[in-house]
$ cat query.csv   # CSV, C-alpha atoms
chain,number,residue,atom,x,y,z
Q,56,PRO,CA,31.8,2.7,-11.5
Q,57,ARG,CA,28.6,4.2,-10.3
Q,58,PRO,CA,26.2,1.5,-8.8
Q,59,LEU,CA,23.1,0.7,-10.8
Q,60,ARG,CA,19.7,1.3,-9.2
Q,61,CYS,CA,16.4,-0.5,-9.5
Q,62,ASN,CA,13.1,0.5,-7.7
Q,63,THR,CA,9.6,-0.9,-7.9
Q,64,TYR,CA,6.4,1.1,-7.1
Q,65,ARG,CA,2.8,0.1,-6.7
Q,66,HIS,CA,0.2,2.6,-7.9
Q,67,ILE,CA,-3.5,2.3,-7.0
Q,68,PHE,CA,-6.0,4.5,-8.8
Q,69,LEU,CA,-9.6,5.1,-7.6
Q,70,LEU,CA,-11.9,5.1,-10.6
Q,71,ALA,CA,-15.1,7.0,-11.1
Q,72,ASP,CA,-17.3,3.9,-10.5
Q,73,GLY,CA,-15.6,3.3,-7.1
Q,74,SER,CA,-13.4,0.4,-8.3
Q,75,SER,CA,-9.6,0.4,-8.1
Q,76,LEU,CA,-6.9,-0.1,-10.7
Q,77,LEU,CA,-3.5,-1.5,-9.7
Q,78,LEU,CA,-0.3,-0.8,-11.8
Q,79,TYR,CA,3.3,-1.7,-11.1
Q,80,GLU,CA,6.1,0.6,-12.1
Q,81,LEU,CA,9.7,-0.6,-12.5
Q,82,GLU,CA,12.4,2.2,-12.5
Q,83,HIS,CA,16.0,1.4,-13.3
Q,84,ASP,CA,19.1,2.8,-14.9
Q,85,ALA,CA,20.5,-0.5,-16.3
Q,86,GLY,CA,20.3,0.7,-19.9
Q,87,PRO,CA,23.1,2.0,-22.2
Q,88,ASP,CA,23.5,5.4,-20.4
Q,89,GLU,CA,22.7,6.9,-17.0
Q,90,ARG,CA,19.1,7.9,-17.8
Q,91,TYR,CA,16.4,6.3,-15.8
Q,92,LEU,CA,14.1,4.0,-17.7
Q,93,TYR,CA,10.5,3.3,-16.7
Q,94,GLU,CA,8.5,0.2,-17.3
Q,95,LEU,CA,4.8,-0.3,-16.5
Q,96,TYR,CA,3.0,-3.6,-15.8
Q,97,ALA,CA,-0.6,-4.5,-15.0
Q,98,GLU,CA,0.3,-8.0,-13.8
Q,99,GLU,CA,2.6,-8.9,-10.9
Q,100,ALA,CA,3.9,-11.9,-12.8
Q,101,ALA,CA,5.1,-9.7,-15.6
Q,102,LEU,CA,6.7,-7.4,-13.1
Q,103,ASP,CA,8.6,-10.3,-11.5
Q,104,ARG,CA,10.0,-11.3,-15.0
Q,105,ALA,CA,11.1,-7.7,-15.6
Q,106,GLU,CA,12.7,-7.4,-12.2
Q,107,ARG,CA,14.7,-10.6,-12.8
Q,108,ARG,CA,15.9,-9.3,-16.2
Q,109,VAL,CA,17.0,-6.0,-14.7
Q,110,HIS,CA,18.8,-7.7,-11.8
Q,111,GLU,CA,20.6,-9.9,-14.3
Q,112,TRP,CA,21.8,-6.8,-16.0
Q,113,ILE,CA,22.9,-5.2,-12.8
Q,114,GLY,CA,24.5,-8.2,-11.0
Q,115,GLY,CA,25.0,-10.8,-13.7
Q,116,SER,CA,23.2,-13.5,-11.8
Q,117,GLY,CA,19.7,-12.2,-11.1
Q,118,PRO,CA,17.6,-12.9,-8.0
Q,119,ALA,CA,17.8,-16.3,-6.3
Q,120,SER,CA,15.6,-19.1,-7.5
Q,121,GLU,CA,12.0,-19.2,-6.1
Q,122,ALA,CA,12.9,-22.0,-3.7
Q,123,GLU,CA,15.7,-19.8,-2.3
Q,124,GLU,CA,13.9,-16.5,-2.1
Q,125,LEU,CA,12.2,-15.3,1.1
Q,126,PRO,CA,8.4,-15.2,0.9
Q,127,PRO,CA,7.4,-11.8,-0.6
Q,128,TRP,CA,5.6,-10.8,2.5
Q,129,LEU,CA,8.5,-11.6,4.8
Q,130,ALA,CA,11.1,-9.7,2.6
Q,131,GLU,CA,8.7,-6.7,2.7
Q,132,GLU,CA,8.3,-6.8,6.4
Q,133,LEU,CA,12.1,-7.1,7.0
Q,134,LEU,CA,12.5,-3.9,4.9
Q,135,LEU,CA,9.7,-2.1,6.8
Q,136,ALA,CA,11.2,-3.1,10.1
Q,137,MET,CA,14.3,-1.0,9.3
Q,138,VAL,CA,12.1,2.1,9.6
Q,139,PRO,CA,11.5,3.7,13.1
Q,140,THR,CA,8.4,2.3,14.6
Q,141,GLN,CA,7.0,5.7,15.6
Q,142,PRO,CA,8.4,8.3,13.2
Q,143,ARG,CA,7.8,11.9,13.9
Q,144,ARG,CA,4.8,13.1,12.0
Q,145,GLU,CA,5.2,15.8,9.4
Q,146,TYR,CA,1.8,16.8,8.4
Q,147,ALA,CA,1.1,17.7,4.8
Q,148,ALA,CA,-1.1,20.8,4.8
Q,149,GLU,CA,-2.4,20.5,1.2
Q,150,ASP,CA,-6.1,19.7,0.8
Q,151,SER,CA,-6.4,17.7,4.0
Q,152,PRO,CA,-10.2,18.0,4.1
Q,153,ASP,CA,-10.4,16.7,0.5
Q,154,HIS,CA,-8.1,13.8,1.5
Q,155,ALA,CA,-10.4,12.9,4.3
Q,156,ARG,CA,-13.5,13.1,2.0
Q,157,ARG,CA,-11.8,10.9,-0.7
Q,158,LEU,CA,-10.7,8.3,2.0
Q,159,LEU,CA,-14.2,8.1,3.5
Q,160,ARG,CA,-15.8,7.9,0.1
Q,161,ARG,CA,-13.7,4.9,-0.9
Q,162,ALA,CA,-14.7,3.0,2.3
Q,163,GLU,CA,-17.0,0.1,1.5
Q,164,ASN,CA,-17.7,-1.1,5.1
Q,165,GLU,CA,-21.0,-0.1,6.6
Q,166,ASP,CA,-19.6,0.1,10.2
Q,167,GLY,CA,-17.1,2.8,9.3
Q,168,PRO,CA,-16.8,6.4,10.7
Q,169,GLY,CA,-20.1,8.2,10.8
Q,170,GLU,CA,-21.2,11.7,9.9
Q,171,VAL,CA,-19.7,13.3,13.1
Q,172,VAL,CA,-16.2,12.3,12.0
Q,173,ARG,CA,-16.9,13.6,8.5
Q,174,GLU,CA,-17.9,17.0,9.8
Q,175,LEU,CA,-14.9,17.1,12.2
Q,176,LEU,CA,-12.5,16.5,9.4
Q,177,GLN,CA,-13.9,19.2,7.2
Q,178,ASP,CA,-11.6,21.6,9.0
Q,179,ALA,CA,-8.5,19.4,9.1
Q,180,ARG,CA,-5.3,21.5,8.8
Q,181,GLY,CA,-3.0,18.7,7.9
Q,182,HIS,CA,-2.7,14.9,7.3
Q,183,HIS,CA,-0.1,12.2,7.5
Q,184,ILE,CA,-0.2,8.7,6.1
Q,185,SER,CA,1.7,5.8,7.7
Q,186,LEU,CA,2.0,2.2,6.4
Q,187,ILE,CA,1.5,-0.1,9.4
Q,188,THR,CA,4.0,-2.9,9.6
Q,189,LYS,CA,2.2,-6.3,9.6
Q,190,PRO,CA,3.0,-9.5,7.7
Q,191,ARG,CA,-0.2,-9.5,5.6
Q,192,ARG,CA,0.7,-10.9,2.1
Q,193,ARG,CA,0.4,-14.6,1.4
Q,194,GLY,CA,0.8,-16.8,-1.6
Q,195,CYS,CA,1.7,-15.8,-5.2
Q,196,GLY,CA,0.0,-15.5,-8.5
Q,197,ARG,CA,-3.8,-15.5,-8.7
Q,198,ASP,CA,-4.1,-16.9,-5.2
Q,199,THR,CA,-2.2,-14.1,-3.5
Q,200,THR,CA,-3.9,-12.7,-0.4
Q,201,TRP,CA,-3.3,-9.0,-0.2
Q,202,CYS,CA,-4.0,-7.1,3.1
Q,203,ARG,CA,-2.5,-3.8,4.1
Q,204,PHE,CA,-3.1,-1.3,7.0
Q,205,TYR,CA,-2.6,2.4,6.8
Q,206,GLU,CA,-3.0,5.1,9.5
Q,207,HIS,CA,-4.3,8.4,8.2
Q,208,ALA,CA,-3.6,11.0,11.0
Q,209,PHE,CA,-5.4,14.3,10.7
Q,210,LEU,CA,-4.3,17.5,12.5
Q,211,LEU,CA,-7.3,19.5,13.7
Q,212,GLU,CA,-7.9,23.2,14.0
Q,213,GLY,CA,-7.2,23.3,17.8
Q,214,GLY,CA,-4.1,21.2,17.6
Q,215,GLY,CA,-5.8,17.8,18.3
Q,216,GLU,CA,-5.3,14.7,16.2
Q,217,VAL,CA,-7.8,12.1,14.8
Q,218,SER,CA,-6.6,8.9,13.2
Q,219,LEU,CA,-8.5,6.8,10.7
Q,220,TRP,CA,-7.3,3.2,10.0
Q,221,GLU,CA,-7.6,2.0,6.4
Q,222,LEU,CA,-7.8,-1.7,5.7
Q,223,GLU,CA,-7.0,-2.5,2.0
Q,224,HIS,CA,-7.5,-6.1,1.0
Q,225,ASN,CA,-8.6,-8.4,-1.8
Q,226,MET,CA,-10.3,-11.0,0.3
Q,227,THR,CA,-13.5,-10.6,-1.7
Q,228,GLU,CA,-15.4,-12.5,-4.4
Q,229,GLY,CA,-13.2,-12.5,-7.4
Q,230,GLY,CA,-10.3,-11.0,-5.6
Q,231,ARG,CA,-11.4,-7.4,-6.1
Q,232,LEU,CA,-9.3,-4.8,-4.2
Q,233,VAL,CA,-11.4,-2.9,-1.6
Q,234,CYS,CA,-10.9,-0.3,1.0
Q,235,GLU,CA,-12.4,-0.2,4.5
Q,236,VAL,CA,-12.0,2.5,7.1
Q,237,TYR,CA,-12.2,2.2,10.9
Q,238,LEU,CA,-11.8,4.6,13.8
Q,239,ASP,CA,-9.7,2.0,15.7
Q,240,GLU,CA,-6.7,-0.1,14.7
Q,241,ALA,CA,-8.1,-3.1,16.6
Q,242,GLU,CA,-11.4,-2.8,14.7
Q,243,ALA,CA,-9.4,-3.0,11.4
Q,244,GLU,CA,-7.5,-6.0,12.7
Q,245,VAL,CA,-10.7,-7.8,13.6
Q,246,ALA,CA,-12.2,-7.1,10.2
Q,247,ALA,CA,-9.2,-8.4,8.5
Q,248,ASP,CA,-9.3,-11.7,10.5
Q,249,ARG,CA,-13.1,-12.0,9.8
Q,250,HIS,CA,-12.5,-11.6,6.0
Q,251,ALA,CA,-9.7,-14.2,6.2
Q,252,ARG,CA,-11.8,-16.7,8.0
Q,253,ALA,CA,-14.6,-16.2,5.5
Q,254,LYS,CA,-12.2,-16.9,2.6
Q,255,GLY,CA,-10.5,-19.9,4.4
Q,256,VAL,CA,-7.1,-18.3,4.5
Q,257,GLU,CA,-4.6,-17.6,7.3
Q,258,LEU,CA,-3.1,-14.2,7.7

$ encode --input "query.csv" --output "structure tokens"
Amino acid sequence: PRPLRCNTYRHIFLLADGSSLLLYELEHDAGPDERYLYELYAEEAALDRAERRVHEWIGGSGPASEAEELPPWLAEELLLAMVPTQPRREYAAEDSPDHARRLLRRAENEDGPGEVVRELLQDARGHHISLITKPRRRGCGRDTTWCRFYEHAFLLEGGGEVSLWELEHNMTEGGRLVCEVYLDEAEAEVAADRHARAKGVEL
């Protein structure tokens, strides 16, 4: 028989007031026929329950108990480690200047790229987004510390490249998800460690 499939996606939406909305999508074909079914959740705990239910349908036993499971951040990093560390970039040529504008508009850090970089990226011919592999997720439930790094590489008119490093984290008052953008990967790392120390957590 055809193997059943189950995928989980994390969608982040930038709202008009500058805040972010996070939704989780569960896609599976464990229903009565071969059509894909889609479920949407606003809370990670609800997603976890739904994933357990779907895995029970697929395999009959469901995921291992919480005591036997890998920490979520470690399981994620093991999966990412299977991807080549330096994949060949394939630049998307659609609205790259607009992508740069939206990324810089989201940034909430005052020490981010300046006006010179904004002007330089107005003529970007392509862009490529890479998730940087780092073990940056700790805890579970309301106490989860979420910290992700992305490289946004831009192809310039003359063939040169410029990279912006996005730090996305919830190490804020109330756990609000924010975006910060830096010109250097090391700067983004230092900022992440600074936020973690301020919150009393270890990344």

$ atom_distance --input "query.csv" --atom1 "CA of Gly167 in chain Q" --atom2 "CA of Tyr79 in chain Q"
29.2 Å

$ atom_distance --input "query.csv" --atom1 "CA of Met226 in chain Q" --atom2 "CA of Ala162 in chain Q"
14.8 Å

$ closest_residue --input "query.csv" --among "Q:Val172, Q:Leu219, Q:Val256, Q:Leu70" --to "Glu242 in chain Q" --atoms "only C-alpha atoms"
Q:Leu219

$ atom_distance --input "query.csv" --atom1 "CA of Cys234 in chain Q" --atom2 "CA of Glu212 in chain Q"
27.0 Å

$ closest_residue --input "query.csv" --among "Q:Trp112, Q:Ala155, Q:Arg161, Q:His250" --to "Ser218 in chain Q" --atoms "all atoms listed in the file"
Q:Ala155

$ residues_near_point --input "query.csv" --point "(-6.2, 16.6, 0.5)" --cutoff "12 Å" --atoms "all atoms listed in the file" --output "ChimeraX atom specification"
/Q:146-158,176-184,207,209

$ residues_around --input "query.csv" --residues "range 80-84 of chain Q" --least-positions-apart "6" --cutoff "12 Å" --atoms "only C-alpha atoms" --output "JSON list (two decimals) with C-alpha atoms, in the frame of the given file"
[["chain", "number", "residue", "atom", "x", "y", "z"],
["Q", 57, "ARG", "CA", 28.60, 4.20, -10.30],
["Q", 58, "PRO", "CA", 26.20, 1.50, -8.80],
["Q", 59, "LEU", "CA", 23.10, 0.70, -10.80],
["Q", 60, "ARG", "CA", 19.70, 1.30, -9.20],
["Q", 61, "CYS", "CA", 16.40, -0.50, -9.50],
["Q", 62, "ASN", "CA", 13.10, 0.50, -7.70],
["Q", 63, "THR", "CA", 9.60, -0.90, -7.90],
["Q", 64, "TYR", "CA", 6.40, 1.10, -7.10],
["Q", 65, "ARG", "CA", 2.80, 0.10, -6.70],
["Q", 66, "HIS", "CA", 0.20, 2.60, -7.90],
["Q", 67, "ILE", "CA", -3.50, 2.30, -7.00],
["Q", 90, "ARG", "CA", 19.10, 7.90, -17.80],
["Q", 91, "TYR", "CA", 16.40, 6.30, -15.80],
["Q", 92, "LEU", "CA", 14.10, 4.00, -17.70],
["Q", 93, "TYR", "CA", 10.50, 3.30, -16.70],
["Q", 94, "GLU", "CA", 8.50, 0.20, -17.30],
["Q", 95, "LEU", "CA", 4.80, -0.30, -16.50],
["Q", 96, "TYR", "CA", 3.00, -3.60, -15.80],
["Q", 97, "ALA", "CA", -0.60, -4.50, -15.00],
["Q", 98, "GLU", "CA", 0.30, -8.00, -13.80],
["Q", 99, "GLU", "CA", 2.60, -8.90, -10.90],
["Q", 101, "ALA", "CA", 5.10, -9.70, -15.60],
["Q", 102, "LEU", "CA", 6.70, -7.40, -13.10],
["Q", 103, "ASP", "CA", 8.60, -10.30, -11.50],
["Q", 104, "ARG", "CA", 10.00, -11.30, -15.00],
["Q", 105, "ALA", "CA", 11.10, -7.70, -15.60],
["Q", 106, "GLU", "CA", 12.70, -7.40, -12.20],
["Q", 107, "ARG", "CA", 14.70, -10.60, -12.80],
["Q", 108, "ARG", "CA", 15.90, -9.30, -16.20],
["Q", 109, "VAL", "CA", 17.00, -6.00, -14.70],
["Q", 110, "HIS", "CA", 18.80, -7.70, -11.80],
["Q", 112, "TRP", "CA", 21.80, -6.80, -16.00],
["Q", 113, "ILE", "CA", 22.90, -5.20, -12.80]]

$ closest_residue --input "query.csv" --among "Q:Leu210, Q:Asp72, Q:Glu257, Q:Glu163" --to "Glu223 in chain Q" --atoms "only C-alpha atoms"
Q:Glu163

$ residues_around --input "query.csv" --residues "Glu228 in chain Q" --least-positions-apart "4" --cutoff "12 Å" --atoms "all atoms listed in the file" --output "count of residues only"
6

$ closest_residue --input "query.csv" --among "Q:Thr200, Q:Ala247, Q:Asp239, Q:Leu77" --to "Leu222 in chain Q" --atoms "all atoms listed in the file"
Q:Ala247

$ closest_residue --input "query.csv" --among "Q:Ala100, Q:Ser185, Q:Asn225, Q:Glu165" --to "Leu78 in chain Q" --atoms "all atoms listed in the file"
Q:Ala100

$ decode --input "query.csv" --residues "range 229-241 of chain Q" --atoms "all heavy atoms" --output "tab-separated table (two decimals), in the first residue's frame"
chain	number	residue	atom	x	y	z
Q	229	GLY	N	6.86	39.66	27.29
Q	229	GLY	CA	5.63	39.04	26.85
Q	229	GLY	C	5.82	37.99	25.78
Q	229	GLY	O	4.86	37.38	25.32
Q	230	GLY	N	7.06	37.75	25.33
Q	230	GLY	CA	7.32	36.72	24.32
Q	230	GLY	C	6.89	37.10	22.92
Q	230	GLY	O	6.66	36.22	22.08
Q	231	ARG	N	6.80	38.39	22.64
Q	231	ARG	CA	6.41	38.83	21.29
Q	231	ARG	C	7.50	38.49	20.29
Q	231	ARG	O	8.68	38.68	20.54
Q	231	ARG	CB	6.15	40.33	21.30
Q	231	ARG	CG	5.65	40.88	19.97
Q	231	ARG	CD	5.28	42.35	20.11
Q	231	ARG	NE	6.45	43.19	20.36
Q	231	ARG	CZ	7.19	43.74	19.39
Q	231	ARG	NH1	6.90	43.52	18.11
Q	231	ARG	NH2	8.23	44.50	19.69
Q	232	LEU	N	7.10	37.96	19.13
Q	232	LEU	CA	8.05	37.59	18.08
Q	232	LEU	C	8.50	38.85	17.34
Q	232	LEU	O	7.67	39.63	16.88
Q	232	LEU	CB	7.39	36.62	17.10
Q	232	LEU	CG	8.32	35.87	16.15
Q	232	LEU	CD1	9.20	34.90	16.92
Q	232	LEU	CD2	7.50	35.12	15.11
Q	233	VAL	N	9.82	39.05	17.24
Q	233	VAL	CA	10.36	40.23	16.58
Q	233	VAL	C	11.40	39.82	15.56
Q	233	VAL	O	11.93	38.71	15.57
Q	233	VAL	CB	10.98	41.23	17.59
Q	233	VAL	CG1	9.96	41.70	18.59
Q	233	VAL	CG2	12.19	40.61	18.28
Q	234	CYS	N	11.71	40.76	14.66
Q	234	CYS	CA	12.71	40.56	13.62
Q	234	CYS	C	13.78	41.63	13.77
Q	234	CYS	O	13.47	42.81	13.95
Q	234	CYS	CB	12.04	40.64	12.24
Q	234	CYS	SG	13.19	40.86	10.87
Q	235	GLU	N	15.04	41.20	13.69
Q	235	GLU	CA	16.16	42.13	13.66
Q	235	GLU	C	17.02	41.77	12.45
Q	235	GLU	O	17.11	40.60	12.07
Q	235	GLU	CB	16.98	42.03	14.96
Q	235	GLU	CG	16.17	42.37	16.20
Q	235	GLU	CD	17.00	42.24	17.48
Q	235	GLU	OE1	18.24	42.09	17.37
Q	235	GLU	OE2	16.41	42.31	18.57
Q	236	VAL	N	17.65	42.76	11.85
Q	236	VAL	CA	18.46	42.54	10.64
Q	236	VAL	C	19.83	43.16	10.84
Q	236	VAL	O	19.95	44.30	11.31
Q	236	VAL	CB	17.77	43.15	9.39
Q	236	VAL	CG1	18.65	42.95	8.16
Q	236	VAL	CG2	16.41	42.50	9.17
Q	237	TYR	N	20.86	42.39	10.46
Q	237	TYR	CA	22.24	42.83	10.61
Q	237	TYR	C	23.01	42.60	9.31
Q	237	TYR	O	22.63	41.77	8.48
Q	237	TYR	CB	22.92	42.07	11.75
Q	237	TYR	CG	22.28	42.32	13.10
Q	237	TYR	CD1	21.22	41.53	13.55
Q	237	TYR	CD2	22.71	43.37	13.90
Q	237	TYR	CE1	20.62	41.77	14.77
Q	237	TYR	CE2	22.12	43.62	15.13
Q	237	TYR	CZ	21.08	42.82	15.56
Q	237	TYR	OH	20.47	43.07	16.76
Q	238	LEU	N	24.12	43.33	9.16
Q	238	LEU	CA	24.97	43.18	7.98
Q	238	LEU	C	25.95	42.03	8.12
Q	238	LEU	O	26.56	41.63	7.13
Q	238	LEU	CB	25.75	44.48	7.74
Q	238	LEU	CG	25.04	45.56	6.93
Q	238	LEU	CD1	25.85	46.84	6.92
Q	238	LEU	CD2	24.79	45.07	5.50
Q	239	ASP	N	26.10	41.51	9.32
Q	239	ASP	CA	27.11	40.49	9.57
Q	239	ASP	C	26.52	39.38	10.43
Q	239	ASP	O	25.76	39.64	11.37
Q	239	ASP	CB	28.30	41.14	10.29
Q	239	ASP	CG	29.44	40.16	10.50
Q	239	ASP	OD1	30.18	39.90	9.54
Q	239	ASP	OD2	29.57	39.66	11.63
Q	240	GLU	N	26.87	38.14	10.12
Q	240	GLU	CA	26.35	37.00	10.87
Q	240	GLU	C	26.80	37.05	12.33
Q	240	GLU	O	26.02	36.74	13.24
Q	240	GLU	CB	26.80	35.70	10.23
Q	240	GLU	CG	26.23	34.46	10.91
Q	240	GLU	CD	26.66	33.17	10.25
Q	240	GLU	OE1	27.55	33.21	9.38
Q	240	GLU	OE2	26.11	32.12	10.59
Q	241	ALA	N	28.04	37.46	12.55
Q	241	ALA	CA	28.55	37.53	13.92
Q	241	ALA	C	27.78	38.55	14.75
Q	241	ALA	O	27.51	38.33	15.93
Q	241	ALA	CB	30.04	37.87	13.91
